[in-house]
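As provided, protein_0.cif (mmCIF, C-alpha atoms (C1' of nucleotides)) reads as follows.
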```cif
data_protein
#
loop_
_atom_site.label_atom_id
_atom_site.label_comp_id
_atom_site.auth_asym_id
_atom_site.auth_seq_id
_atom_site.Cartn_x
_atom_site.Cartn_y
_atom_site.Cartn_z
CA MET M 170 100.72 154.56 127.65
CA THR M 171 99.51 151.07 127.10
CA ALA M 172 96.91 152.09 124.58
CA GLU M 173 99.55 153.69 122.43
CA ASP M 174 101.82 150.70 122.62
CA GLY M 175 99.02 148.44 121.57
CA GLY M 176 98.07 150.88 118.85
CA ALA M 177 101.58 150.99 117.47
CA ASP M 178 101.75 147.22 117.37
CA LEU M 179 98.40 147.12 115.71
CA ALA M 180 99.36 149.64 113.05
CA GLN M 181 102.45 147.59 112.37
CA ALA M 182 100.44 144.40 112.05
CA VAL M 183 97.79 145.90 109.80
CA GLY M 184 100.48 147.49 107.66
CA SER M 185 102.21 144.18 107.20
CA ARG M 186 98.94 142.51 106.38
CA VAL M 187 98.17 145.09 103.69
CA ARG M 188 101.62 144.76 102.20
CA GLU M 189 101.33 141.00 102.18
CA LEU M 190 97.93 141.10 100.49
CA ARG M 191 99.13 143.64 97.94
CA ARG M 192 102.18 141.59 97.01
CA GLY M 193 100.05 138.47 96.87
CA ARG M 194 97.91 140.20 94.27
CA GLY M 195 100.97 141.32 92.30
CA LEU M 196 100.11 145.00 92.72
CA SER M 197 102.67 147.76 93.04
CA LEU M 198 102.25 150.27 95.82
CA SER M 199 101.51 153.01 93.30
CA GLU M 200 98.93 150.91 91.53
CA LEU M 201 97.10 149.97 94.71
CA ALA M 202 97.12 153.59 95.85
CA ARG M 203 95.60 154.61 92.53
CA GLN M 204 92.90 151.92 92.65
CA ALA M 205 92.03 152.75 96.24
CA GLY M 206 92.06 156.49 95.61
CA LEU M 207 94.74 157.07 98.24
CA GLY M 208 97.96 159.03 98.12
CA LYS M 209 101.09 157.01 97.59
CA GLY M 210 102.63 158.52 100.68
CA THR M 211 99.65 157.48 102.75
CA LEU M 212 99.94 153.90 101.62
CA SER M 213 103.70 153.81 101.99
CA GLU M 214 103.60 154.95 105.59
CA LEU M 215 100.58 152.80 106.38
CA GLU M 216 102.33 149.68 105.16
CA SER M 217 105.41 150.44 107.18
CA GLY M 218 103.34 150.90 110.33
CA ARG M 219 104.01 154.62 110.75
CA ARG M 220 100.37 155.62 110.34
CA ASN M 221 97.23 155.02 112.33
CA PRO M 222 94.80 154.70 109.43
CA THR M 223 91.19 155.79 109.54
CA LEU M 224 88.26 153.51 108.92
CA GLU M 225 87.68 155.16 105.55
CA THR M 226 91.26 154.51 104.47
CA LEU M 227 91.04 150.84 105.42
CA TYR M 228 87.75 150.51 103.63
CA ALA M 229 89.20 152.06 100.48
CA LEU M 230 91.91 149.39 100.53
CA SER M 231 89.66 146.43 101.17
CA ALA M 232 87.93 146.52 97.79
CA PRO M 233 90.98 146.42 95.48
CA LEU M 234 92.57 143.82 97.77
CA GLY M 235 89.48 141.68 97.44
CA VAL M 236 88.96 141.09 101.15
CA GLY M 237 86.35 142.29 103.56
CA LEU M 238 87.22 145.08 105.92
CA ALA M 239 87.42 142.57 108.74
CA GLY M 240 89.94 140.61 106.68
CA LEU M 241 92.43 143.45 107.06
CA ILE M 242 92.30 143.31 110.83
CA ALA M 243 91.10 139.82 111.65
CA GLU M 244 94.51 138.60 112.74
CA HIS M 245 94.94 140.78 115.76
CA VAL M 246 91.65 140.34 117.45
CA ASP M 247 92.95 137.89 119.94
CA THR M 248 95.45 139.04 122.50
CA LYS M 249 93.75 141.74 124.47
CA ALA M 250 90.29 142.02 123.05
CA GLY M 251 88.72 139.04 124.72
CA ILE M 252 88.71 137.10 127.88
CA SER M 253 91.45 134.58 128.07
CA VAL M 254 90.34 131.62 130.12
CA ASP M 255 93.34 129.41 130.12
CA GLY M 256 96.49 131.20 129.10
CA TYR M 257 99.03 128.51 128.37
CA GLY M 258 98.36 126.77 125.10
CA ALA M 259 94.70 127.68 124.81
CA SER M 260 92.72 130.88 124.71
CA THR M 261 89.10 131.83 124.27
CA VAL M 262 87.71 135.08 122.94
CA LEU M 263 84.10 135.93 123.58
CA LEU M 264 82.46 136.79 120.26
CA ASP M 265 78.82 137.09 121.17
CA VAL M 266 76.17 136.40 123.75
CA VAL M 267 72.58 135.58 122.83
CA THR M 268 69.99 135.71 125.57
CA ALA M 269 66.59 134.12 125.08
CA ALA M 270 63.72 133.17 127.35
CA GLU M 271 64.81 129.61 127.99
CA ALA M 272 68.60 129.77 127.61
CA SER M 273 71.59 132.02 127.35
CA THR M 274 74.24 131.19 124.80
CA GLU M 275 77.82 132.34 124.50
CA ILE M 276 79.89 132.15 121.35
CA TYR M 277 83.66 131.91 121.64
CA ARG M 278 86.59 131.62 119.31
CA LEU M 279 88.77 128.90 120.82
CA THR M 280 92.43 128.56 119.90
CA ILE M 281 94.32 125.48 121.04
CA LEU M 282 98.05 125.12 120.53
CA PRO M 283 99.65 121.72 120.13
CA GLY M 284 100.55 120.18 123.45
CA PRO M 285 98.90 118.47 126.39
CA ARG M 286 95.14 118.31 126.48
CA HIS M 287 93.16 121.03 128.21
CA VAL M 288 90.74 119.87 130.84
CA SER M 289 87.69 121.85 131.81
CA PRO M 290 85.60 121.10 134.91
CA SER M 291 81.84 120.55 134.93
CA HIS M 292 79.74 123.57 133.99
CA GLY M 293 76.63 122.51 135.81
CA PRO M 294 73.44 120.70 134.80
CA GLY M 295 71.86 121.39 131.43
CA VAL M 296 74.87 123.13 129.94
CA ARG M 297 75.80 121.93 126.47
CA GLU M 298 78.75 122.76 124.25
CA ARG M 299 79.16 122.48 120.53
CA LEU M 300 82.45 122.98 118.76
CA VAL M 301 82.80 123.80 115.05
CA VAL M 302 86.35 123.34 113.83
CA VAL M 303 87.74 126.03 111.56
CA THR M 304 91.36 124.98 111.11
CA GLY M 305 93.33 121.97 112.31
CA ARG M 306 92.03 118.79 113.88
CA VAL M 307 90.81 118.41 117.43
CA ARG M 308 89.85 115.70 119.91
CA ALA M 309 87.32 116.96 122.41
CA GLY M 310 84.30 116.08 124.48
CA ARG M 311 83.36 114.51 127.81
CA ASN M 312 86.09 112.41 129.22
CA GLY M 313 85.39 108.82 128.27
CA ALA M 314 83.41 109.89 125.21
CA LEU M 315 85.81 111.99 123.20
CA GLY M 316 85.26 112.64 119.52
CA GLU M 317 87.43 113.98 116.73
CA ALA M 318 86.72 116.65 114.14
CA GLY M 319 88.49 118.47 111.31
CA PRO M 320 87.73 121.70 109.42
CA GLY M 321 84.01 122.22 108.90
CA GLU M 322 83.04 119.39 111.23
CA SER M 323 81.57 119.68 114.67
CA LEU M 324 81.24 117.90 117.99
CA ASP M 325 78.80 118.36 120.82
CA TRP M 326 78.45 117.14 124.36
CA ALA M 327 76.79 117.86 127.68
CA SER M 328 79.29 119.73 129.81
CA ASP M 329 77.90 118.76 133.20
CA GLY M 330 81.01 116.69 133.69
CA GLU M 331 84.72 117.04 133.16
CA HIS M 332 85.59 117.51 129.51
CA SER M 333 88.71 118.23 127.49
CA TYR M 334 90.15 119.68 124.30
CA GLU M 335 93.30 118.63 122.49
CA SER M 336 94.99 119.65 119.26
CA LEU M 337 95.85 116.74 116.96
CA THR M 338 97.83 118.82 114.49
CA ASP M 339 101.19 120.57 114.44
CA GLY M 340 99.66 124.02 114.07
CA PRO M 341 97.08 125.73 116.25
CA VAL M 342 93.47 124.60 116.15
CA VAL M 343 90.90 127.34 115.74
CA ALA M 344 87.30 126.48 116.49
CA ILE M 345 84.02 128.14 117.34
CA LEU M 346 82.60 127.09 120.68
CA VAL M 347 78.90 127.54 121.40
CA ILE M 348 77.95 127.11 125.07
CA THR M 349 74.28 127.02 126.05
CA HIS M 350 73.21 127.56 129.67
CA PRO M 351 69.59 126.97 130.58
CA VAL M 352 68.05 129.82 132.58
CA MET P 807 71.39 146.59 102.69
CA THR P 808 73.99 149.32 102.55
CA ALA P 809 75.56 147.56 99.63
CA GLU P 810 77.16 150.62 98.05
CA ASP P 811 78.72 151.80 101.32
CA GLY P 812 79.99 155.27 100.90
CA GLY P 813 82.48 156.11 103.60
CA ALA P 814 79.84 158.10 105.43
CA ASP P 815 77.52 155.12 105.56
CA LEU P 816 80.28 153.03 106.98
CA ALA P 817 80.99 155.48 109.78
CA GLN P 818 77.27 155.48 110.50
CA ALA P 819 77.13 151.67 110.62
CA VAL P 820 80.14 151.35 112.90
CA GLY P 821 78.83 154.10 115.12
CA SER P 822 75.49 152.35 115.50
CA ARG P 823 77.23 149.09 116.21
CA VAL P 824 79.30 150.66 118.99
CA ARG P 825 76.25 152.27 120.52
CA GLU P 826 74.35 149.00 120.38
CA LEU P 827 77.18 147.09 122.04
CA ARG P 828 77.63 149.75 124.68
CA ARG P 829 73.94 149.77 125.59
CA GLY P 830 73.92 145.99 125.56
CA ARG P 831 76.63 146.06 128.20
CA GLY P 832 74.75 148.63 130.24
CA LEU P 833 77.54 151.19 129.98
CA SER P 834 77.04 154.94 129.79
CA LEU P 835 78.85 156.87 127.11
CA SER P 836 80.99 158.59 129.72
CA GLU P 837 81.90 155.32 131.37
CA LEU P 838 82.90 153.64 128.11
CA ALA P 839 84.96 156.67 127.11
CA ARG P 840 86.75 156.51 130.43
CA GLN P 841 87.44 152.77 130.17
CA ALA P 842 88.66 153.11 126.60
CA GLY P 843 90.77 156.16 127.38
CA LEU P 844 88.94 158.31 124.82
CA GLY P 845 87.39 161.74 125.08
CA LYS P 846 83.65 161.83 125.57
CA GLY P 847 83.28 164.08 122.56
CA THR P 848 85.18 161.62 120.42
CA LEU P 849 82.89 158.79 121.40
CA SER P 850 79.74 160.86 121.10
CA GLU P 851 80.51 161.91 117.55
CA LEU P 852 81.76 158.45 116.64
CA GLU P 853 78.52 156.84 117.74
CA SER P 854 76.46 159.31 115.80
CA GLY P 855 78.45 158.64 112.64
CA ARG P 856 80.04 162.07 112.41
CA ARG P 857 83.60 160.79 112.79
CA ASN P 858 85.83 158.63 110.69
CA PRO P 859 87.60 156.84 113.53
CA THR P 860 91.20 155.71 113.41
CA LEU P 861 92.31 152.14 113.92
CA GLU P 862 93.67 153.02 117.33
CA THR P 863 90.37 154.47 118.45
CA LEU P 864 88.46 151.39 117.34
CA TYR P 865 90.96 149.18 119.06
CA ALA P 866 90.62 151.11 122.29
CA LEU P 867 86.88 150.49 122.20
CA SER P 868 87.04 146.81 121.41
CA ALA P 869 88.46 145.74 124.77
CA PRO P 870 85.89 147.29 127.13
CA LEU P 871 83.13 146.15 124.79
CA GLY P 872 84.43 142.61 124.97
CA VAL P 873 84.48 142.01 121.24
CA GLY P 874 87.27 141.71 118.75
CA LEU P 875 88.03 144.50 116.33
CA ALA P 876 86.19 142.67 113.61
CA GLY P 877 83.16 142.64 115.85
CA LEU P 878 82.97 146.40 115.58
CA ILE P 879 82.95 146.28 111.81
CA ALA P 880 79.40 145.08 111.56
CA GLU P 881 79.36 146.40 108.01
CA HIS P 882 79.06 142.97 106.49
CA VAL P 883 75.59 143.52 105.23
CA ASP P 884 75.85 141.64 102.79
CA THR P 885 77.30 142.06 99.38
CA LYS P 886 78.72 138.63 98.98
CA ALA P 887 76.80 136.36 101.28
CA GLY P 888 73.49 137.60 99.94
CA ILE P 889 71.65 136.31 102.96
CA SER P 890 69.88 139.42 104.03
CA VAL P 891 69.20 140.67 100.53
CA ASP P 892 65.50 140.50 101.11
CA GLY P 893 66.01 142.54 104.24
CA TYR P 894 62.73 141.79 105.93
CA GLY P 895 62.86 138.95 108.35
CA ALA P 896 66.55 138.02 108.29
CA SER P 897 69.77 139.69 109.31
CA THR P 898 73.39 138.73 109.69
CA VAL P 899 76.01 140.21 111.97
CA LEU P 900 79.66 139.41 111.39
CA LEU P 901 81.19 138.16 114.63
CA ASP P 902 84.63 137.07 113.55
CA VAL P 903 86.92 136.26 110.66
CA VAL P 904 89.63 133.62 110.86
CA THR P 905 92.22 133.62 108.12
CA ALA P 906 94.42 130.57 107.66
CA ALA P 907 96.70 129.33 104.91
CA GLU P 908 94.14 127.16 103.16
CA ALA P 909 90.85 128.87 103.92
CA SER P 910 89.20 131.97 105.28
CA THR P 911 86.27 131.53 107.64
CA GLU P 912 83.62 134.01 108.67
CA ILE P 913 81.41 133.65 111.71
CA TYR P 914 78.00 135.31 111.71
CA ARG P 915 75.07 135.58 114.03
CA LEU P 916 72.04 134.89 111.86
CA THR P 917 68.57 135.93 112.94
CA ILE P 918 65.56 134.67 111.01
CA LEU P 919 62.05 135.85 111.77
CA PRO P 920 59.05 133.64 111.09
CA GLY P 921 57.82 133.98 107.53
CA PRO P 922 58.69 132.86 104.04
CA ARG P 923 61.94 131.04 103.52
CA HIS P 924 65.08 133.02 102.70
CA VAL P 925 66.91 131.93 99.60
CA SER P 926 70.62 132.54 99.08
CA PRO P 927 72.37 132.04 95.74
CA SER P 928 75.46 129.93 95.18
CA HIS P 929 78.63 131.17 96.89
CA GLY P 930 81.10 129.55 94.52
CA PRO P 931 82.98 126.26 94.51
CA GLY P 932 84.43 124.91 97.72
CA VAL P 933 82.43 127.15 100.03
CA ARG P 934 80.77 125.34 102.93
CA GLU P 935 78.37 126.53 105.58
CA ARG P 936 77.57 125.16 109.00
CA LEU P 937 74.73 126.42 111.12
CA VAL P 938 74.49 125.94 114.89
CA VAL P 939 71.03 126.73 116.19
CA VAL P 940 70.86 128.76 119.38
CA THR P 941 67.14 129.39 119.76
CA GLY P 942 64.13 128.25 117.78
CA ARG P 943 63.94 125.60 115.12
CA VAL P 944 65.14 126.00 111.55
CA ARG P 945 64.93 124.22 108.22
CA ALA P 946 67.97 125.01 106.10
CA GLY P 947 70.42 123.63 103.56
CA ARG P 948 70.78 123.15 99.84
CA ASN P 949 67.51 123.16 98.05
CA GLY P 950 66.41 119.58 97.61
CA ALA P 951 68.40 118.44 100.63
CA LEU P 952 67.08 120.53 103.48
CA GLY P 953 67.59 119.52 107.07
CA GLU P 954 66.05 120.60 110.35
CA ALA P 955 67.68 121.54 113.62
CA GLY P 956 66.72 122.83 117.05
CA PRO P 957 68.72 124.43 119.87
CA GLY P 958 72.22 123.01 120.17
CA GLU P 959 71.95 121.07 116.93
CA SER P 960 73.67 121.87 113.68
CA LEU P 961 73.43 121.45 109.93
CA ASP P 962 76.02 121.73 107.23
CA TRP P 963 76.08 121.84 103.46
CA ALA P 964 78.14 122.88 100.46
CA SER P 965 76.95 126.30 99.39
CA ASP P 966 77.98 126.09 95.75
CA GLY P 967 74.33 125.95 94.89
CA GLU P 968 71.15 127.71 95.87
CA HIS P 969 70.29 127.18 99.51
CA SER P 970 67.72 128.47 101.94
CA TYR P 971 66.85 129.16 105.57
CA GLU P 972 63.44 129.09 107.18
CA SER P 973 62.15 129.54 110.70
CA LEU P 974 59.88 126.76 111.89
CA THR P 975 58.87 128.47 115.12
CA ASP P 976 56.70 131.40 116.12
CA GLY P 977 59.60 133.38 117.52
CA PRO P 978 62.84 134.40 115.85
CA VAL P 979 65.51 131.84 115.16
CA VAL P 980 69.01 132.78 116.23
CA ALA P 981 71.86 130.69 114.89
CA ILE P 982 75.59 130.86 114.39
CA LEU P 983 76.63 130.55 110.77
CA VAL P 984 80.17 129.49 109.91
CA ILE P 985 81.14 130.04 106.27
CA THR P 986 84.44 128.67 104.97
CA HIS P 987 85.91 129.96 101.72
CA PRO P 988 88.92 128.14 100.29
CA VAL P 989 91.77 130.46 99.23
"C1'" DT J 939 125.55 156.08 76.94
"C1'" DA J 940 121.24 159.14 77.44
"C1'" DG J 941 116.34 159.34 77.96
"C1'" DC J 942 112.32 157.98 80.09
"C1'" DA J 943 109.02 155.40 82.86
"C1'" DT J 944 107.91 153.47 87.17
"C1'" DC J 945 109.10 152.23 91.62
"C1'" DG J 946 108.76 153.46 96.87
"C1'" DT J 947 110.05 157.15 100.18
"C1'" DT J 948 110.08 161.79 102.20
"C1'" DC J 949 108.38 166.43 102.63
"C1'" DC J 950 104.60 169.93 102.96
"C1'" DA J 951 100.00 172.39 103.50
"C1'" DT J 952 95.43 171.31 104.63
"C1'" DA J 953 91.63 168.98 106.66
"C1'" DA J 954 90.02 166.50 110.35
"C1'" DA J 955 90.39 163.35 114.55
"C1'" DC J 956 91.63 163.93 119.00
"C1'" DA J 957 91.37 165.29 124.42
"C1'" DG J 958 89.32 168.11 127.38
"C1'" DA J 959 86.42 171.90 128.85
"C1'" DA J 960 82.03 174.11 128.79
"C1'" DC J 961 77.32 173.55 128.22
"C1'" DG J 962 72.30 172.31 128.90
"C1'" DC J 963 69.43 168.66 130.59
"C1'" DC J 964 67.44 165.67 133.93
"C1'" DA J 965 67.18 163.23 138.15
"C1'" DG J 966 67.41 162.78 143.51
"C1'" DG J 967 68.19 164.96 148.14
"C1'" DA J 968 68.27 168.49 151.68
"C1'" DT O 1403 63.40 175.84 146.19
"C1'" DC O 1404 68.46 175.22 145.46
"C1'" DC O 1405 72.17 172.03 145.22
"C1'" DT O 1406 74.81 168.21 143.44
"C1'" DG O 1407 76.10 164.66 140.25
"C1'" DG O 1408 75.75 162.17 136.14
"C1'" DC O 1409 74.34 162.20 131.46
"C1'" DG O 1410 75.27 163.25 126.26
"C1'" DT O 1411 76.34 167.07 123.07
"C1'" DT O 1412 78.94 170.95 121.33
"C1'" DC O 1413 82.88 173.81 121.22
"C1'" DT O 1414 88.13 174.83 121.04
"C1'" DG O 1415 93.01 174.28 120.53
"C1'" DT O 1416 96.39 170.71 119.42
"C1'" DT O 1417 97.88 166.79 117.07
"C1'" DT O 1418 98.07 164.07 113.08
"C1'" DA O 1419 96.30 161.54 108.84
"C1'" DT O 1420 95.78 162.90 104.37
"C1'" DG O 1421 96.75 164.01 99.08
"C1'" DG O 1422 100.03 165.65 96.27
"C1'" DA O 1423 104.53 167.14 94.98
"C1'" DA O 1424 109.04 166.55 95.34
"C1'" DC O 1425 113.05 163.13 95.37
"C1'" DG O 1426 116.50 159.34 94.41
"C1'" DA O 1427 116.75 154.59 92.72
"C1'" DT O 1428 116.04 151.10 89.35
"C1'" DG O 1429 115.06 149.05 84.82
"C1'" DC O 1430 114.18 149.28 80.07
"C1'" DT O 1431 114.88 151.05 75.20
"C1'" DA O 1432 117.28 153.20 71.61
#
```
What does this structure look like when you write it as structure tokens?
Amino acid sequence: MTAEDGGADLAQAVGSRVRELRRGRGLSLSELARQAGLGKGTLSELESGRRNPTLETLYALSAPLGVGLAGLIAEHVDTKAGISVDGYGASTVLLDVVTAAEASTEIYRLTILPGPRHVSPSHGPGVRERLVVVTGRVRAGRNGALGEAGPGESLDWASDGEHSYESLTDGPVVAILVITHPV
Amino acid sequence: MTAEDGGADLAQAVGSRVRELRRGRGLSLSELARQAGLGKGTLSELESGRRNPTLETLYALSAPLGVGLAGLIAEHVDTKAGISVDGYGASTVLLDVVTAAEASTEIYRLTILPGPRHVSPSHGPGVRERLVVVTGRVRAGRNGALGEAGPGESLDWASDGEHSYESLTDGPVVAILVITHPV
DNA sequence: TAGCATCGTTCCATAAACAGAACGCCAGGA
DNA sequence: TCCTGGCGTTCTGTTTATGGAACGATGCTA
């Protein structure tokens, strides 16, 4: 079944991530198992992707590895979990929606691969976007009034006109996109 | 709150988070179980905190709920960020974590109720925060260099010193907080 | 060389997470 | 009133994640 395929991939990915973090900390498998209060066998099979760990097991590992629980799984959130808008070279994952009296706001994680710029049509009157760059460098905004931003910086524009996004770096750009629609 | 986080508490927190997301989407328990390919009993006990779900189970839920896996781990309350330490009047929900070579970034939804300002201690060298306001008006930043922002606007500051957040409106302020930690 | 510690893997018995069925509850319709 | 259908919880048998005990491999010391 598809769920099991995805699960197997996921277990593999999380296992690799744990192994990578452990080695990065210079810990042996036995030592990490001891610190986390897990059996060595459990950790061995988890790291090699042959286990489907429980929440409790992951939590036990997060403390000695010095990362948050989300840090153990944060890499795999993208492919199926969210709504991919574009597909080739860019993807968006819906993180949150905030609804208030006067406006509704959607929060996305936007990933842009190097390549041609991505053009988005008008979103209607009153809609605004703000982009906070997490990694990489991006050129984005309304066509004719593009701006650039690097990690930690942000851009904003009214999106009632055609606008675009473009990676300026070799690697992927990750950014947080906040879109506000008036009600 | 929930700083000590026994495993049981964690299951409780994740269960509540799932239930909250499900209700927010207007889904019945049976319907979500069907979409996720899980048994109703599994989901019922998971939501009430009586299960210690596996990674695969959490993953199966993340897609129909439209959030990433990290979005289900709302546990981040808040040992290291310290934002909601006072508990009354402010809360943070972890939306996403992005890990890159040079930095790790966490995305939160921050809600601040009207009242006294919320003070957060230093987060260590190199840590930066950026706040994008969604609703309401906020005064925030490093103490001594506070800024103000309304819907769609943003503020940023280095958080290697005491900083604070304060609602300037009658209603709650909702904002997106992006915290970058160098590695 | 032998002796010993530590490494990561594999095997086993137990506890528990799972799917699905059975259950009681509450609504709306005939 | 009795159905019928959906809801969420509880129960039951099966599957599987777990801790711990083997195991062989490797490295270090005498």
Worksheet item: Do you have the C1' of DT1412 in chain O-CA of Ala817 in chain P distance handy?
Response: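 Separation between C1' of DT1412 in chain O and CA of Ala817 in chain P: 19.4 Å.
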Worksheet item: Once the PyMOL selection byres ((chain O) within 9 of (chain M)) has been applied to the shown file, what residues remain in the selection, as a list in words?
Response: DA1419, DT1420, DG1421 and DG1422 of chain O
Item to complete: With a distance threshold of 9 Å and counting only C-alpha atoms (C1' of nucleotides), extract the residues of chain J near chain P and express them as an MDAnalysis selection string.
Response: chainID J and resid 954:958
Worksheet entry | Picked residues, the PyMOL selection byres ((chain O and resi 1409) around 8), as a PyMOL selection string | (chain P and resi 834+836) or (chain O and resi 1408+1410)
Item to complete: Find the residues around range 821-831 of chain P up to 7 Å (all atoms listed in the file counted), leave out those fewer than 5 positions away in its own chain, and share them as an NGL selection string.
Response: :P and (852-855 or 871 or 878 or 880)
Discussion item. With 12 Å as the threshold, what does the neighbourhood of (84.5, 120.7, 128.7) contain in terms of residues, counting only C-alpha atoms (C1' of nucleotides)? Coordinates are those of the file; answer as a PyMOL selection string.
Written reply: chain M and resi 286-293+296-300+308-315+324-335+346-348
Worksheet item: What lies within 9 Å of range 943-951 of chain J using all atoms listed in the file, ignoring chain neighbours under 3 positions off, as a list in words?
Response: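 What passes the distance filter is Ser197, Leu198, Ser199, Lys209, Gly210, Ser213 and Glu214 of chain M; DA1423, DA1424, DC1425, DG1426, DA1427, DT1428, DG1429 and DC1430 of chain O.
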Item to complete: For CA of Leu196 in chain M and CA of Thr911 in chain P, quote the distance in Å rounded to one decimal.
Response: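 Straight-line distance from CA of Leu196 in chain M to CA of Thr911 in chain P works out to 24.4 Å.
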Discussion item. Restricting the calculation to all atoms listed in the file: of P:Ala819, P:Leu864, P:Val944, P:Val938, which residue gets closest to Ala842 in chain P?
Written reply: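 Comparing P:Ala819, P:Leu864, P:Val944, P:Val938 against Ala842 in chain P, the winner is P:Leu864.
A straight line drawn from CA of Thr338 in chain M to CA of Val904 in chain P is 17.3 Å long.
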Item to complete: Pull out every residue that the PyMOL selection byres ((chain J and resi 961) around 10) matches in the shown coordinates and put them as a list of chain:residue names.
Response: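 Answer for the PyMOL selection byres ((chain J and resi 961) around 10): J:DA959, J:DA960, J:DG962, J:DC963, O:DT1411, O:DT1412, O:DC1413.
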Okay, now the selection with C-alpha atoms (C1' of nucleotides), as a CSV table (one decimal), in the coordinates of the input?
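Once everything was written out, this is selection-v9.csv:
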```csv
chain,number,residue,atom,x,y,z
J,959,DA,C1',86.4,171.9,128.8
J,960,DA,C1',82.0,174.1,128.8
J,962,DG,C1',72.3,172.3,128.9
J,963,DC,C1',69.4,168.7,130.6
O,1411,DT,C1',76.3,167.1,123.1
O,1412,DT,C1',78.9,171.0,121.3
O,1413,DC,C1',82.9,173.8,121.2
```
Exercise on range 941-944 of chain J, axis-aligned box with 8 Å per side, report centre and edge lengths in Å to one decimal, as JSON:
```
{"center_x": 112.1, "center_y": 156.4, "center_z": 82.6, "size_x": 24.4, "size_y": 21.9, "size_z": 25.2}
```
Practice prompt. Select, from M:Pro283, M:Gly195, M:Gly316, M:Gly305, the residue with the minimum atom-to-atom distance to chain P, counting only C-alpha atoms.
Written response: M:Gly305
Worksheet item: So, counting only C-alpha atoms, which residue among P:Asp976, P:Pro922, P:Ala839, P:Val820 is closest to chain M?
Response: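 Answer, going by the shortest atom-to-atom distance: P:Val820.
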